[in-house]
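**Q** There's a structure below that I have some questions on.
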Amino acid sequence: MARYQAGDFGAARALIARVSPQLHRFFQLQSANRADANDLLQEAWLRIHRVRHTYQPGRPLLPWIYAIARRVRVDHYRKALRTTVRELPLEDLPDTLVADPPQAEDLEELLAPLSVGQREVLEMLKVAGMSLEEVAQATSCSVGSVKQKVHRAYEKLRETMSLVELKKRQPEWCRERQ
Amino acid sequence: MKDSEIDEMLDKTAHVPHAVPVGLLQRIADSLEPPLQPVRPLAPTWVLTLGVVLSGAAAAFVGAARAGFQGFEALSIPAQVLIFGALGLLAGVAAAQVVREWIPGSRHVAPGAILAVSSVALLAVFALLFQDYQTHQFVSSGLTCVVKGLLHAVPAALLAWWLLRRGYVVNSVSAGLIAGTFAGLAGLTMLELHCANFEALHVLVWHTLVVPLSAALGALIGWGLRRSLMRADR
């Protein structure tokens with residue numbers, strides 16, 4: 001990052017290649033739409049580029065990047081809320097309202113039942129490999145609040161996975177009746 | 001299901017490689033437009049914090065110099081130490097958080113908590129020092145003090161904003177709230193230097209009110225800025 005600030009284009013490219021997959025995943029977990037995630041990733045890098053001087057060398061990089069990425073996501077969400085949600089016809093409501101409990105095969109599906117805040121905290125901890133302190137810095141909240149979100153997320157996941165287990169154990173005829 | 005099993009499941013799914021289209025990465029890199037201009041990183045946090053504290057002190061001192069130091073001169077030395085020591089400490093804590101709000105990914109202390117602690121601490125100090133509960137022209141003299149305090153909070157906030165103009169605010173309402181708290185503390189410092197009305201209720205109500213009022217105005221400005229930026233973006 002220090003080399004990027006010094007004007008090294010190669011360092012900027014390397015940073016983009018290194019961080020983009022996890023940032024893209026971060027956006028995809030929140031938007032559940034690959035096209036949106038692509039747009040948000042581009043927007044995030046443009047903003048990171050514009051405010052790259054605000055990174056202070058020697059400090060952890062990921063909380064800085066994720067704090068900016070969160071702001072991009074929130075701006076996008078607010079804009080989308082104003083322009084589209086009011087016009088959404090009933091039949092276009094997301095299927096997740098009536099979907100089956102998630103399978104533990106991919107992260108997006110696994111984290112689907114969680115709230116946005118819980119999802120982003122788990123994504124930062126598990127995918128980006130950040131510490132609790134770093135997640136707290138990126139999300140502008142206390143370590144205690146991050147721990148509480150993780151705790152609630154695990155409770156919710158436990159509940160959801162128990163449902164899946166229960167469903168698996170049901171006899172075939174019972175599942176057919178449902 | 002145990003936490004360790006959930007952990008294991010999350011770890012397994014989190015480490016599945018996630019592909020980003022190569023074309024997209026290329027587009028992002030191209031949008032940076034080489035050759036890149038080198039940029040000067042922000043000054044260290046402690047330098048910025050010191051700058052913000054000094055700007056607040058300057059706003060309070062210049063204001064009191066114009067209006068007169070009657071309040072400071074009438075206070076006993078222990079009262080001067082206690083009041084200005086508390087104000088200095090609270091302004092330092094608020095200034096540090098103001099700086100953090102302008103640097104993304106910094107350690108966070110809730111601005112609302114700083115505002116609440118500041119207000120309660122100041123009420124405690126004032127209640128300890130001022131015992132005269134008689135009132136004369138309670139509302140009119142109080143309103144004069146509130147207006148003076150808020151008017152001196154404005155230059156403190158503007159100076160802090162100018163010092164931090166290269167920063168980037170992630171949450172403008174939160175930044176406005178803490179900047180308003182800091183500016184309110186600067187306005188209150190000016191009042192303590194200038195106002196020689198030591199009636200307990202006057203100081204407890206009207207002087208202390210400057211801090212939450214200024215914080216609320218700051219949060220309101222932050223909210224307004226965010227709305228106008230969103231509109232301009234559309």
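In the structure tokens, chains take letters A, B, ... by order of appearance, with residues numbered from 1 within each chain and ligands from 1 in the order shown.
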Taking only C-alpha atoms into account, which residues of chain B are within 9 Å of chain A, as an NGL selection string?
**A** :B and (1-3 or 6-7 or 9-21 or 24-29 or 31-45 or 101-110 or 166-168 or 170-171 or 230-231 or 233-234)
**Q** Quick one: residues within 6 Å of Gln70 (chain B), only C-alpha atoms counted, chain neighbours fewer than 2 positions away excluded, as a PyMOL selection string?
**A** chain B and resi 68+72-73+194+196
**Q** Taking C-alpha atoms for each residue, export the selection above as a short mmCIF file (atom, residue, chain, number, x, y, z; two decimals), in the first residue's frame.
**A**
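Here's the written file result_15.cif:
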```cif
data_model
loop_
_atom_site.label_atom_id
_atom_site.label_comp_id
_atom_site.auth_asym_id
_atom_site.auth_seq_id
_atom_site.Cartn_x
_atom_site.Cartn_y
_atom_site.Cartn_z
CA GLY B 68 -13.05 39.54 28.60
CA PHE B 72 -11.54 33.04 34.87
CA GLU B 73 -10.41 35.89 37.13
CA HIS B 194 -15.69 34.81 30.18
CA ALA B 196 -18.76 35.51 35.82
#
```
**Q** Within region 22-219 of chain B, find each residue whose DSSP state, derived from the backbone, is helix (DSSP H, G or I), and express the selection as a PyMOL selection string.
**A** chain B and resi 22-31+45-67+70-74+77-101+111-129+138-163+172-194+200-219
**Q** Counting only C-alpha atoms, which residue out of B:Cys195, B:Val62, B:Leu201, B:Val81 sits closest to Gln134 (chain B)?
**A**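 So, comparing all the options, the nearest one is B:Leu201.
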**Q** Report, in Å with one decimal, the straight-line distance from CA of Pro111 (chain B) to CA of Arg165 (chain B).
**A** 19.7 Å
